[in-house]
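Below is the file input-v7.pdb, which contains PDB, C-alpha atoms and all ligand atoms.
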```
MODEL        1
ATOM      1  CA  MET X   1     -19.673   1.959 -29.396
ATOM      2  CA  SER X   2     -16.287   3.686 -29.547
ATOM      3  CA  GLY X   3     -13.534   3.226 -27.007
ATOM      4  CA  ILE X   4     -10.228   1.453 -26.609
ATOM      5  CA  LEU X   5     -11.991  -1.849 -25.805
ATOM      6  CA  SER X   6     -14.686  -1.481 -28.420
ATOM      7  CA  GLY X   7     -16.095  -4.851 -29.460
ATOM      8  CA  LYS X   8     -14.073  -6.823 -26.916
ATOM      9  CA  VAL X   9     -15.469  -9.380 -24.481
ATOM     10  CA  ALA X  10     -13.799  -9.020 -21.085
ATOM     11  CA  LEU X  11     -13.877 -11.183 -17.956
ATOM     12  CA  ILE X  12     -13.057  -9.334 -14.724
ATOM     13  CA  THR X  13     -12.437 -11.165 -11.444
ATOM     14  CA  GLY X  14     -12.799  -9.466  -8.092
ATOM     15  CA  ALA X  15     -15.445  -7.319  -9.761
ATOM     16  CA  SER X  16     -17.736  -7.020  -6.724
ATOM     17  CA  SER X  17     -15.807  -4.099  -5.191
ATOM     18  CA  GLY X  18     -12.782  -1.832  -5.377
ATOM     19  CA  ILE X  19     -10.495  -1.973  -8.393
ATOM     20  CA  GLY X  20     -12.484  -4.748 -10.097
ATOM     21  CA  ALA X  21     -15.790  -2.871  -9.843
ATOM     22  CA  ALA X  22     -14.071   0.256 -11.146
ATOM     23  CA  ALA X  23     -12.660  -1.803 -14.017
ATOM     24  CA  ALA X  24     -16.144  -3.034 -14.865
ATOM     25  CA  ARG X  25     -17.257   0.587 -15.288
ATOM     26  CA  VAL X  26     -14.126   1.674 -17.182
ATOM     27  CA  PHE X  27     -14.015  -1.373 -19.502
ATOM     28  CA  ALA X  28     -17.744  -1.020 -20.275
ATOM     29  CA  ARG X  29     -17.353   2.709 -20.949
ATOM     30  CA  GLU X  30     -14.493   1.819 -23.310
ATOM     31  CA  GLY X  31     -16.792  -0.446 -25.307
ATOM     32  CA  ALA X  32     -16.279  -3.937 -23.843
ATOM     33  CA  ALA X  33     -19.001  -6.410 -22.994
ATOM     34  CA  VAL X  34     -18.050  -7.320 -19.440
ATOM     35  CA  VAL X  35     -18.517 -10.523 -17.467
ATOM     36  CA  LEU X  36     -18.098  -9.883 -13.757
ATOM     37  CA  ALA X  37     -16.812 -12.594 -11.433
ATOM     38  CA  ALA X  38     -16.523 -12.722  -7.637
ATOM     39  CA  ARG X  39     -18.198 -14.558  -4.749
ATOM     40  CA  ARG X  40     -20.751 -11.918  -3.624
ATOM     41  CA  GLU X  41     -23.733 -12.242  -5.935
ATOM     42  CA  ARG X  42     -25.694  -9.219  -4.755
ATOM     43  CA  GLU X  43     -22.836  -6.801  -5.505
ATOM     44  CA  LEU X  44     -22.320  -8.361  -8.927
ATOM     45  CA  ARG X  45     -26.027  -8.204  -9.756
ATOM     46  CA  ASP X  46     -26.295  -4.563  -8.667
ATOM     47  CA  LEU X  47     -23.297  -3.610 -10.801
ATOM     48  CA  VAL X  48     -24.641  -5.477 -13.834
ATOM     49  CA  ASP X  49     -27.971  -3.659 -13.376
ATOM     50  CA  GLU X  50     -26.141  -0.319 -13.158
ATOM     51  CA  LEU X  51     -24.183  -1.024 -16.351
ATOM     52  CA  THR X  52     -27.056  -2.414 -18.401
ATOM     53  CA  ALA X  53     -29.228   0.548 -17.345
ATOM     54  CA  LYS X  54     -26.606   2.736 -19.054
ATOM     55  CA  GLY X  55     -26.862   0.658 -22.210
ATOM     56  CA  PHE X  56     -23.680  -1.360 -21.707
ATOM     57  CA  GLU X  57     -23.407  -5.121 -22.143
ATOM     58  CA  ALA X  58     -22.754  -6.870 -18.838
ATOM     59  CA  ALA X  59     -23.311 -10.229 -17.185
ATOM     60  CA  TYR X  60     -22.024 -11.935 -14.070
ATOM     61  CA  SER X  61     -20.911 -15.341 -12.922
ATOM     62  CA  VAL X  62     -20.612 -16.072  -9.203
ATOM     63  CA  THR X  63     -17.056 -17.342  -8.954
ATOM     64  CA  ASP X  64     -14.605 -18.391  -6.299
ATOM     65  CA  VAL X  65     -11.289 -18.195  -8.157
ATOM     66  CA  THR X  66      -9.879 -21.032  -6.055
ATOM     67  CA  ARG X  67     -12.421 -23.435  -7.596
ATOM     68  CA  PRO X  68     -11.524 -24.603 -11.110
ATOM     69  CA  GLU X  69     -15.080 -25.509 -12.067
ATOM     70  CA  GLU X  70     -16.306 -22.024 -11.105
ATOM     71  CA  VAL X  71     -13.515 -20.366 -13.100
ATOM     72  CA  GLU X  72     -14.463 -22.538 -16.079
ATOM     73  CA  ARG X  73     -18.099 -21.510 -15.654
ATOM     74  CA  ALA X  74     -17.089 -17.831 -15.726
ATOM     75  CA  VAL X  75     -15.189 -18.349 -18.992
ATOM     76  CA  SER X  76     -18.185 -20.275 -20.366
ATOM     77  CA  THR X  77     -20.478 -17.385 -19.416
ATOM     78  CA  ALA X  78     -18.383 -15.020 -21.530
ATOM     79  CA  VAL X  79     -18.409 -17.417 -24.482
ATOM     80  CA  GLY X  80     -22.060 -18.378 -24.036
ATOM     81  CA  ASP X  81     -23.350 -14.822 -23.659
ATOM     82  CA  TYR X  82     -21.033 -12.938 -26.003
ATOM     83  CA  GLY X  83     -19.427 -15.558 -28.251
ATOM     84  CA  ARG X  84     -15.768 -15.369 -27.185
ATOM     85  CA  LEU X  85     -13.215 -14.128 -24.673
ATOM     86  CA  ASP X  86     -10.824 -11.381 -25.754
ATOM     87  CA  VAL X  87      -9.694  -9.859 -22.464
ATOM     88  CA  ALA X  88      -9.259 -11.092 -18.899
ATOM     89  CA  PHE X  89      -8.481  -8.971 -15.866
ATOM     90  CA  ASN X  90      -7.427 -11.338 -13.084
ATOM     91  CA  ASN X  91      -7.813  -9.006 -10.171
ATOM     92  CA  ALA X  92      -9.389 -11.016  -7.319
ATOM     93  CA  GLY X  93      -7.183 -10.840  -4.261
ATOM     94  CA  LEU X  94      -7.028 -11.260  -0.543
ATOM     95  CA  GLY X  95      -5.052  -9.253   1.991
ATOM     96  CA  ALA X  96      -3.987 -10.197   5.505
ATOM     97  CA  GLU X  97      -2.838  -8.379   8.588
ATOM     98  CA  GLN X  98       0.922  -8.203   8.897
ATOM     99  CA  THR X  99       2.156 -10.771  11.389
ATOM    100  CA  PRO X 100       5.831 -11.665  11.719
ATOM    101  CA  MET X 101       6.560 -14.722   9.579
ATOM    102  CA  HIS X 102       7.710 -16.848  12.512
ATOM    103  CA  LEU X 103       4.399 -16.255  14.285
ATOM    104  CA  MET X 104       2.083 -16.620  11.304
ATOM    105  CA  ASP X 105      -0.264 -19.588  11.023
ATOM    106  CA  ASP X 106       0.436 -21.741   7.988
ATOM    107  CA  GLU X 107      -3.272 -21.518   7.167
ATOM    108  CA  VAL X 108      -2.908 -17.776   6.539
ATOM    109  CA  PHE X 109      -0.099 -18.483   4.078
ATOM    110  CA  ASP X 110      -2.224 -21.116   2.345
ATOM    111  CA  ALA X 111      -5.284 -18.858   2.120
ATOM    112  CA  ILE X 112      -3.385 -15.930   0.613
ATOM    113  CA  VAL X 113      -1.447 -18.034  -1.875
ATOM    114  CA  GLU X 114      -4.606 -19.941  -2.775
ATOM    115  CA  VAL X 115      -6.450 -16.811  -3.908
ATOM    116  CA  ASN X 116      -3.649 -14.482  -5.005
ATOM    117  CA  LEU X 117      -1.473 -16.996  -6.856
ATOM    118  CA  ARG X 118      -3.323 -20.238  -7.506
ATOM    119  CA  GLY X 119      -6.427 -18.209  -8.372
ATOM    120  CA  VAL X 120      -4.450 -16.370 -11.045
ATOM    121  CA  TRP X 121      -3.063 -19.690 -12.284
ATOM    122  CA  LEU X 122      -6.516 -21.269 -12.554
ATOM    123  CA  CYS X 123      -7.886 -18.209 -14.318
ATOM    124  CA  MET X 124      -5.019 -17.807 -16.777
ATOM    125  CA  SER X 125      -4.882 -21.471 -17.745
ATOM    126  CA  ARG X 126      -8.615 -21.620 -18.482
ATOM    127  CA  GLN X 127      -8.672 -18.239 -20.215
ATOM    128  CA  ILE X 128      -5.694 -19.147 -22.390
ATOM    129  CA  ARG X 129      -7.425 -22.355 -23.532
ATOM    130  CA  GLN X 130     -10.351 -20.251 -24.709
ATOM    131  CA  MET X 131      -8.187 -17.484 -26.193
ATOM    132  CA  LEU X 132      -6.157 -19.998 -28.190
ATOM    133  CA  ALA X 133      -9.407 -21.336 -29.621
ATOM    134  CA  GLY X 134     -10.477 -17.777 -30.423
ATOM    135  CA  GLY X 135      -7.216 -16.726 -32.068
ATOM    136  CA  GLY X 136      -5.686 -14.547 -29.318
ATOM    137  CA  GLY X 137      -6.381 -12.182 -26.478
ATOM    138  CA  ALA X 138      -4.977 -10.031 -23.715
ATOM    139  CA  ILE X 139      -4.653 -10.846 -20.023
ATOM    140  CA  VAL X 140      -3.906  -8.382 -17.221
ATOM    141  CA  ASN X 141      -3.127  -9.720 -13.755
ATOM    142  CA  THR X 142      -3.250  -7.643 -10.592
ATOM    143  CA  SER X 143       0.015  -7.865  -8.713
ATOM    144  CA  SER X 144       0.904  -5.064  -6.276
ATOM    145  CA  VAL X 145       3.778  -2.825  -5.308
ATOM    146  CA  GLY X 146       4.168  -5.724  -2.865
ATOM    147  CA  GLY X 147       4.996  -7.806  -5.950
ATOM    148  CA  LEU X 148       7.970  -5.574  -6.732
ATOM    149  CA  VAL X 149       9.348  -4.677  -3.311
ATOM    150  CA  ALA X 150       8.734  -5.856   0.266
ATOM    151  CA  THR X 151       5.978  -3.519   1.453
ATOM    152  CA  PRO X 152       4.750  -3.428   5.079
ATOM    153  CA  VAL X 153       2.095  -6.103   4.542
ATOM    154  CA  ALA X 154       1.896  -9.815   5.391
ATOM    155  CA  ALA X 155       4.833 -11.764   3.928
ATOM    156  CA  PRO X 156       2.625 -14.337   2.129
ATOM    157  CA  TYR X 157       0.999 -11.434   0.271
ATOM    158  CA  VAL X 158       4.432 -10.165  -0.834
ATOM    159  CA  ILE X 159       5.400 -13.708  -1.818
ATOM    160  CA  ALA X 160       2.214 -14.355  -3.802
ATOM    161  CA  LYS X 161       2.259 -10.979  -5.556
ATOM    162  CA  HIS X 162       5.928 -11.464  -6.581
ATOM    163  CA  ALA X 163       4.862 -14.830  -7.985
ATOM    164  CA  VAL X 164       2.120 -13.128 -10.010
ATOM    165  CA  VAL X 165       4.875 -11.122 -11.724
ATOM    166  CA  GLY X 166       6.621 -14.411 -12.560
ATOM    167  CA  ALA X 167       3.408 -16.043 -13.729
ATOM    168  CA  THR X 168       2.770 -13.041 -15.981
ATOM    169  CA  ARG X 169       6.232 -13.292 -17.550
ATOM    170  CA  ALA X 170       6.019 -17.070 -17.997
ATOM    171  CA  ALA X 171       2.646 -16.880 -19.727
ATOM    172  CA  ALA X 172       3.689 -13.878 -21.842
ATOM    173  CA  ALA X 173       6.737 -15.758 -23.123
ATOM    174  CA  GLU X 174       4.833 -18.981 -23.792
ATOM    175  CA  TYR X 175       1.953 -17.470 -25.738
ATOM    176  CA  ALA X 176       3.408 -14.405 -27.477
ATOM    177  CA  LYS X 177       3.556 -16.172 -30.837
ATOM    178  CA  GLN X 178      -0.057 -17.278 -30.495
ATOM    179  CA  GLY X 179      -1.398 -13.758 -30.192
ATOM    180  CA  ILE X 180      -1.916 -13.632 -26.457
ATOM    181  CA  ARG X 181      -0.392 -10.740 -24.511
ATOM    182  CA  VAL X 182      -0.042 -11.093 -20.750
ATOM    183  CA  ASN X 183       0.786  -8.153 -18.511
ATOM    184  CA  ALA X 184       0.306  -7.128 -14.899
ATOM    185  CA  ILE X 185      -0.365  -3.983 -12.950
ATOM    186  CA  ALA X 186       1.240  -3.235  -9.598
ATOM    187  CA  PRO X 187      -1.086  -0.859  -7.775
ATOM    188  CA  GLY X 188       0.107   1.210  -4.883
ATOM    189  CA  THR X 189      -2.229   2.214  -2.086
ATOM    190  CA  THR X 190      -5.723   2.327  -3.605
ATOM    191  CA  ARG X 191      -8.979   3.178  -1.851
ATOM    192  CA  SER X 192     -10.978  -0.057  -1.571
ATOM    193  CA  GLU X 193     -12.594  -2.331   1.017
ATOM    194  CA  MET X 194      -9.314  -4.179   1.515
ATOM    195  CA  ILE X 195      -7.269  -1.053   2.174
ATOM    196  CA  GLU X 196      -9.915   0.635   4.349
ATOM    197  CA  ALA X 197     -10.004  -2.477   6.559
ATOM    198  CA  TRP X 198      -6.215  -2.462   6.806
ATOM    199  CA  PHE X 199      -6.034   1.259   7.603
ATOM    200  CA  ALA X 200      -8.657   0.741  10.336
ATOM    201  CA  LEU X 201      -6.440  -1.893  11.959
ATOM    202  CA  ARG X 202      -3.263   0.163  11.609
ATOM    203  CA  PRO X 203      -3.769   3.793  12.699
ATOM    204  CA  GLY X 204      -1.193   6.057  11.064
ATOM    205  CA  MET X 205      -0.468   3.624   8.203
ATOM    206  CA  GLU X 206      -2.224   5.740   5.565
ATOM    207  CA  GLU X 207      -0.188   8.829   6.520
ATOM    208  CA  LEU X 208       3.004   6.756   6.594
ATOM    209  CA  LEU X 209       2.362   5.446   3.082
ATOM    210  CA  HIS X 210       1.538   8.921   1.815
ATOM    211  CA  ALA X 211       4.843  10.141   3.240
ATOM    212  CA  VAL X 212       6.786   7.578   1.158
ATOM    213  CA  THR X 213       4.701   8.030  -2.018
ATOM    214  CA  PRO X 214       5.962  10.850  -4.259
ATOM    215  CA  GLN X 215       2.410  11.802  -5.264
ATOM    216  CA  GLY X 216       1.554  11.740  -1.563
ATOM    217  CA  ARG X 217      -1.931  10.236  -1.696
ATOM    218  CA  THR X 218      -4.062   7.122  -2.032
ATOM    219  CA  ALA X 219      -5.268   6.268  -5.559
ATOM    220  CA  GLU X 220      -8.907   6.003  -6.526
ATOM    221  CA  PRO X 221      -9.761   2.555  -7.935
ATOM    222  CA  GLU X 222     -10.646   4.116 -11.295
ATOM    223  CA  GLU X 223      -7.063   5.338 -11.743
ATOM    224  CA  VAL X 224      -5.823   1.758 -11.460
ATOM    225  CA  ALA X 225      -8.589   0.445 -13.703
ATOM    226  CA  GLU X 226      -7.608   2.907 -16.447
ATOM    227  CA  ALA X 227      -4.112   1.385 -16.584
ATOM    228  CA  ALA X 228      -5.556  -2.121 -16.786
ATOM    229  CA  ALA X 229      -7.881  -1.026 -19.609
ATOM    230  CA  TRP X 230      -4.975   0.326 -21.618
ATOM    231  CA  LEU X 231      -2.856  -2.806 -21.149
ATOM    232  CA  ALA X 232      -5.849  -4.927 -22.160
ATOM    233  CA  SER X 233      -6.481  -2.850 -25.285
ATOM    234  CA  ASP X 234      -4.966  -3.056 -28.747
ATOM    235  CA  ARG X 235      -3.280   0.291 -27.994
ATOM    236  CA  ALA X 236      -0.760  -1.798 -26.029
ATOM    237  CA  SER X 237      -0.252  -4.181 -28.964
ATOM    238  CA  PHE X 238       3.544  -4.540 -28.539
ATOM    239  CA  VAL X 239       3.522  -4.675 -24.739
ATOM    240  CA  THR X 240       3.763  -8.083 -23.125
ATOM    241  CA  GLY X 241       5.274  -9.529 -19.962
ATOM    242  CA  VAL X 242       5.515  -6.200 -18.143
ATOM    243  CA  THR X 243       4.331  -5.319 -14.672
ATOM    244  CA  LEU X 244       3.250  -1.696 -14.740
ATOM    245  CA  PRO X 245       3.455   0.155 -11.419
ATOM    246  CA  VAL X 246       0.362   2.310 -10.860
ATOM    247  CA  ASP X 247       1.623   3.657  -7.603
ATOM    248  CA  GLY X 248       2.084   7.443  -7.591
ATOM    249  CA  GLY X 249       5.820   6.805  -7.645
ATOM    250  CA  TYR X 250       5.990   4.545  -4.564
ATOM    251  CA  THR X 251       8.498   2.155  -6.136
ATOM    252  CA  LEU X 252      10.702   5.001  -7.451
ATOM    253  CA  ILE X 253      12.367   5.669  -4.137
TER     254      ILE X 253
HETATM  255  P1  LIG X 301     -11.338  -5.282  -2.555
HETATM  256  O1  LIG X 301     -11.289  -5.994  -1.245
HETATM  257  O2  LIG X 301     -12.302  -4.175  -2.741
HETATM  258  O3  LIG X 301     -11.553  -6.310  -3.738
HETATM  259  C1  LIG X 301     -11.108  -7.630  -3.705
HETATM  260  C2  LIG X 301     -11.948  -8.401  -4.698
HETATM  261  O4  LIG X 301     -11.474  -9.752  -4.775
HETATM  262  C3  LIG X 301     -13.417  -8.451  -4.294
HETATM  263  O5  LIG X 301     -14.199  -8.220  -5.430
HETATM  264  C4  LIG X 301     -13.590  -9.875  -3.797
HETATM  265  O6  LIG X 301     -14.901 -10.287  -4.090
HETATM  266  C5  LIG X 301     -12.589 -10.599  -4.674
HETATM  267  N1  LIG X 301     -12.186 -11.898  -4.144
HETATM  268  C6  LIG X 301     -11.517 -12.154  -2.995
HETATM  269  N2  LIG X 301     -11.364 -13.473  -2.851
HETATM  270  C7  LIG X 301     -11.946 -14.057  -3.931
HETATM  271  C8  LIG X 301     -12.127 -15.390  -4.350
HETATM  272  N3  LIG X 301     -11.679 -16.440  -3.636
HETATM  273  N4  LIG X 301     -12.762 -15.618  -5.510
HETATM  274  C9  LIG X 301     -13.238 -14.596  -6.244
HETATM  275  N5  LIG X 301     -13.097 -13.314  -5.903
HETATM  276  C10 LIG X 301     -12.463 -13.054  -4.752
HETATM  277  O7  LIG X 301      -9.854  -4.777  -2.766
HETATM  278  P2  LIG X 301      -9.077  -4.167  -4.019
HETATM  279  O8  LIG X 301      -9.998  -3.681  -5.058
HETATM  280  O9  LIG X 301      -8.095  -3.247  -3.464
HETATM  281  O10 LIG X 301      -8.289  -5.445  -4.544
HETATM  282  C11 LIG X 301      -8.223  -5.804  -5.911
HETATM  283  C12 LIG X 301      -6.843  -6.332  -6.204
HETATM  284  O11 LIG X 301      -5.907  -5.267  -6.072
HETATM  285  C13 LIG X 301      -6.365  -7.446  -5.278
HETATM  286  O12 LIG X 301      -5.691  -8.418  -6.032
HETATM  287  C14 LIG X 301      -5.397  -6.728  -4.362
HETATM  288  O13 LIG X 301      -4.432  -7.596  -3.826
HETATM  289  C15 LIG X 301      -4.802  -5.725  -5.325
HETATM  290  N6  LIG X 301      -4.126  -4.574  -4.738
HETATM  291  C16 LIG X 301      -4.826  -3.657  -4.006
HETATM  292  C17 LIG X 301      -4.167  -2.561  -3.477
HETATM  293  C18 LIG X 301      -4.873  -1.518  -2.673
HETATM  294  O14 LIG X 301      -4.197  -0.660  -2.092
HETATM  295  N7  LIG X 301      -6.197  -1.527  -2.608
HETATM  296  C19 LIG X 301      -2.732  -2.367  -3.690
HETATM  297  C20 LIG X 301      -2.099  -3.381  -4.480
HETATM  298  C21 LIG X 301      -2.791  -4.445  -4.986
HETATM  299  P3  LIG X 301     -15.806 -11.311  -3.233
HETATM  300  O15 LIG X 301     -15.524 -11.051  -1.785
HETATM  301  O16 LIG X 301     -17.200 -10.934  -3.654
HETATM  302  O17 LIG X 301     -15.412 -12.662  -3.705
ENDMDL
END
```

Could you show the structure in this file as structure tokens?
Amino acid sequence: MSGILSGKVALITGASSGIGAAAARVFAREGAAVVLAARRERELRDLVDELTAKGFEAAYSVTDVTRPEEVERAVSTAVGDYGRLDVAFNNAGLGAEQTPMHLMDDEVFDAIVEVNLRGVWLCMSRQIRQMLAGGGGAIVNTSSVGGLVATPVAAPYVIAKHAVVGATRAAAAEYAKQGIRVNAIAPGTTRSEMIEAWFALRPGMEELLHAVTPQGRTAEPEEVAEAAAWLASDRASFVTGVTLPVDGGYTLI
């Protein structure tokens, strides 16, 4: 199998839809054996069936990224099924309707930070343990343009996604000498379940975002997944600690 991820074993969280499902297809096409993690089993099973029917190597592990034991089981699935863990794409995330901070329930803050930040923490720490044992690896975390600037989304989302940028830098610095690269992507508006739900609640928001995006459109999930695949691959061998905007120029202006 040729491809930029040829021979790699990759764990992808949030793989049941959107960017994560697109990454499963792109990573597999690029030669990786993929282990798909998310909470919805049926979607994961269907995607594994689709990939294996094409001759790719794929497995799944039902995982809530806020539960350490489930994250550990996902890592163990990669090692058990394919012998090691080379690549992790920590992409699971949760959005929330924008409510002014002073009116927002604390529980909304907790829920968003729990998945979008603590989930990334739990995943990275467990993946790094395994990658150290295996001699190295590459991690890509999904931040957001909301991790670089204050976008018109819920403040806890902006807070958590900024923290993902910090978590990426901290891990990149700590493990660079041990052969582990850690980077992030910052997608702009990307067609997925999360964004469709948000657009449905906020008529006119899609057009507004297009107006402030130089490329003037919403990305397809595959376009974001391609960037993650490159960062995860050996082609990006001297790239670590960066957060790559994949945003049609949104953060340029
Ligand atoms: P989707 O809603 O399609 O995907 C979100 C994924 O996260 C699903 O697979 C969902 O699976 C998973 N997920 C949510 N909570 C958990 C959890 N507790 N444990 C495990 N998995 C979980 O949206 P996107 O594809 O757009 O989102 C992917 C990432 O991209 C997110 O981190 C999001 O914040 C980020 N992003 C998206 C943008 C966009 O415009 N779409 C822009 C910038 C960033 P399940 O429900 O089965 O658990």

- [ ] Check which residues satisfy the PyMOL selection byres (((not hetatm)) within 8 of (chain X and resi 301)) in the file shown, then give them as a ChimeraX atom specification.
- [x] /X:13-21,37-41,43-44,63-66,90-95,114-116,119,142-146,157,161,186-195,218-219,221

Open item on the list: Ranking X:Ser6, X:Ala33, X:Val48, X:Pro152 by minimum distance to Leu208 (chain X) and counting only C-alpha atoms, which one comes first?
Closed with: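 Looking only at the distances to Leu208 (chain X), the closest residue turns out to be X:Pro152.
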
Open item on the list: Considering only C-alpha atoms, can you say which of X:Glu97, X:Val140, X:Val164, X:Tyr60 comes closest to Val113 (chain X)?
Closed with: X:Val164

Taking (3.4, 8.1, -4.3) in the coordinates of the supplied file, I want to know which residues reach to within 9 Å of it, counting only C-alpha atoms; could you give the answer as a PDB file with C-alpha atoms, keeping the file's coordinate frame?
```
ATOM      1  CA  GLY X 188       0.107   1.210  -4.883  1.00  0.00           C
ATOM      2  CA  THR X 189      -2.229   2.214  -2.086  1.00  0.00           C
ATOM      3  CA  LEU X 209       2.362   5.446   3.082  1.00  0.00           C
ATOM      4  CA  HIS X 210       1.538   8.921   1.815  1.00  0.00           C
ATOM      5  CA  ALA X 211       4.843  10.141   3.240  1.00  0.00           C
ATOM      6  CA  VAL X 212       6.786   7.578   1.158  1.00  0.00           C
ATOM      7  CA  THR X 213       4.701   8.030  -2.018  1.00  0.00           C
ATOM      8  CA  PRO X 214       5.962  10.850  -4.259  1.00  0.00           C
ATOM      9  CA  GLN X 215       2.410  11.802  -5.264  1.00  0.00           C
ATOM     10  CA  GLY X 216       1.554  11.740  -1.563  1.00  0.00           C
ATOM     11  CA  ARG X 217      -1.931  10.236  -1.696  1.00  0.00           C
ATOM     12  CA  THR X 218      -4.062   7.122  -2.032  1.00  0.00           C
ATOM     13  CA  ALA X 219      -5.268   6.268  -5.559  1.00  0.00           C
ATOM     14  CA  ASP X 247       1.623   3.657  -7.603  1.00  0.00           C
ATOM     15  CA  GLY X 248       2.084   7.443  -7.591  1.00  0.00           C
ATOM     16  CA  GLY X 249       5.820   6.805  -7.645  1.00  0.00           C
ATOM     17  CA  TYR X 250       5.990   4.545  -4.564  1.00  0.00           C
ATOM     18  CA  THR X 251       8.498   2.155  -6.136  1.00  0.00           C
ATOM     19  CA  LEU X 252      10.702   5.001  -7.451  1.00  0.00           C
TER      20      LEU X 252
END
```

Task: Selection dump of the PyMOL selection byres (((chain X and resi 123) around 10) and not hetatm), as an NGL selection string - done: :X and (11 or 13 or 65-68 or 70-72 or 74-75 or 88-90 or 117-122 or 124-128 or 139 or 141)

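Considering all atoms listed in the file, the residue among X:Ala229, X:Ala200, X:Ala176, X:Ile159 positioned nearest to Val34 (chain X) is X:Ala229.
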
Task: Surrounding residues of Asp234 (chain X) excluding itself and chain neighbours under 5 positions, 10 Å, only C-alpha atoms, as a VMD selection string - done: chain X and resid 4 to 6 137 to 138 181 229 239

TODO: Identify, on the basis of all atoms listed in the file, every residue whose closest approach to Pro156 (chain X) does not exceed 9 Å; exclude the query and any residue fewer than 3 positions from it along the same chain; express the result as a list in words.
DONE: Ala96, Met101, Val108, Phe109, Asp110, Ile112, Val113, Val153, Ile159, Ala160 and Lys161 of chain X

Task: Between CA of Ala32 (chain X) and CA of Gly7 (chain X) - distance in Å to one decimal - done: 5.7 Å

TODO: Report the distance between CA of Glu69 (chain X) and CA of Asp105 (chain X) in Å, rounded to one decimal place.
DONE: 28.1 Å

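Taking CA of Val87 (chain X) as the reference point, CA of Lys54 (chain X) is found at 21.4 Å.
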
Open item on the list: List as number ranges by chain the protein and nucleic acid residues near Asn183 (chain X), meaning an atom at most 6 Å away when all atoms listed in the file are counted, but skip any in the same chain fewer than 6 places from it.
Closed with: X: 140, 168, 240-243

- [ ] Identify, on the basis of only C-alpha atoms, every residue whose closest approach to Ala58 (chain X) does not exceed 10 Å; exclude the query and any residue fewer than 4 positions from it along the same chain; express the result as a ChimeraX atom specification.
- [x] /X:9-11,24-25,28,32-36,45,47-53,78,81-82

Open item on the list: Please determine, counting only C-alpha atoms, which residue among X:Ser233, X:Pro100, X:Asp106, X:Gly134 has the shortest atom-to-atom distance to Arg84 (chain X).
Closed with: X:Gly134

Task: For Leu201 (chain X), the nearest of the candidates X:Ala22, X:Gln98, X:Lys177, X:Gly147, counting all atoms listed in the file - done: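 When distances to Leu201 (chain X) are compared using all atoms listed in the file, the smallest one comes from X:Gln98.
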
Task: Distance query 10 Å from (-6.0, -17.5, -30.9) using all atoms listed in the file, result as a VMD selection string - done: chain X and resid 86 128 to 137 175 177 to 180

Once you've located region 238-246 of chain X in the structure I gave, write it as a compact mmCIF listing (two decimals), in the first residue's frame, keeping N, CA, C and O atoms.
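Just written: result-v1.txt:
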```txt
# COMPACT_ATOMS: atom_id res chain seq x y z
N PHE X 238 9.71 17.72 10.26
CA PHE X 238 10.35 18.77 11.07
C PHE X 238 9.32 19.81 11.53
O PHE X 238 9.66 20.94 11.85
N VAL X 239 8.08 19.39 11.56
CA VAL X 239 6.98 20.29 11.96
C VAL X 239 6.44 19.80 13.30
O VAL X 239 5.91 18.69 13.39
N THR X 240 6.59 20.61 14.33
CA THR X 240 5.98 20.25 15.61
C THR X 240 5.58 21.50 16.39
O THR X 240 6.25 22.53 16.30
N GLY X 241 4.47 21.39 17.09
CA GLY X 241 3.99 22.48 17.94
C GLY X 241 3.18 23.54 17.21
O GLY X 241 2.78 24.54 17.80
N VAL X 242 2.92 23.33 15.92
CA VAL X 242 2.18 24.35 15.17
C VAL X 242 0.68 24.06 15.21
O VAL X 242 0.24 22.93 15.37
N THR X 243 -0.08 25.12 15.03
CA THR X 243 -1.52 25.00 14.79
C THR X 243 -1.77 25.55 13.40
O THR X 243 -1.57 26.73 13.14
N LEU X 244 -2.14 24.66 12.51
CA LEU X 244 -2.28 25.01 11.09
C LEU X 244 -3.72 25.43 10.79
O LEU X 244 -4.64 24.60 10.89
N PRO X 245 -3.95 26.70 10.44
CA PRO X 245 -5.31 27.06 10.03
C PRO X 245 -5.67 26.36 8.73
O PRO X 245 -4.85 26.31 7.81
N VAL X 246 -6.87 25.80 8.69
CA VAL X 246 -7.41 25.19 7.46
C VAL X 246 -8.75 25.87 7.28
O VAL X 246 -9.80 25.32 7.61
```
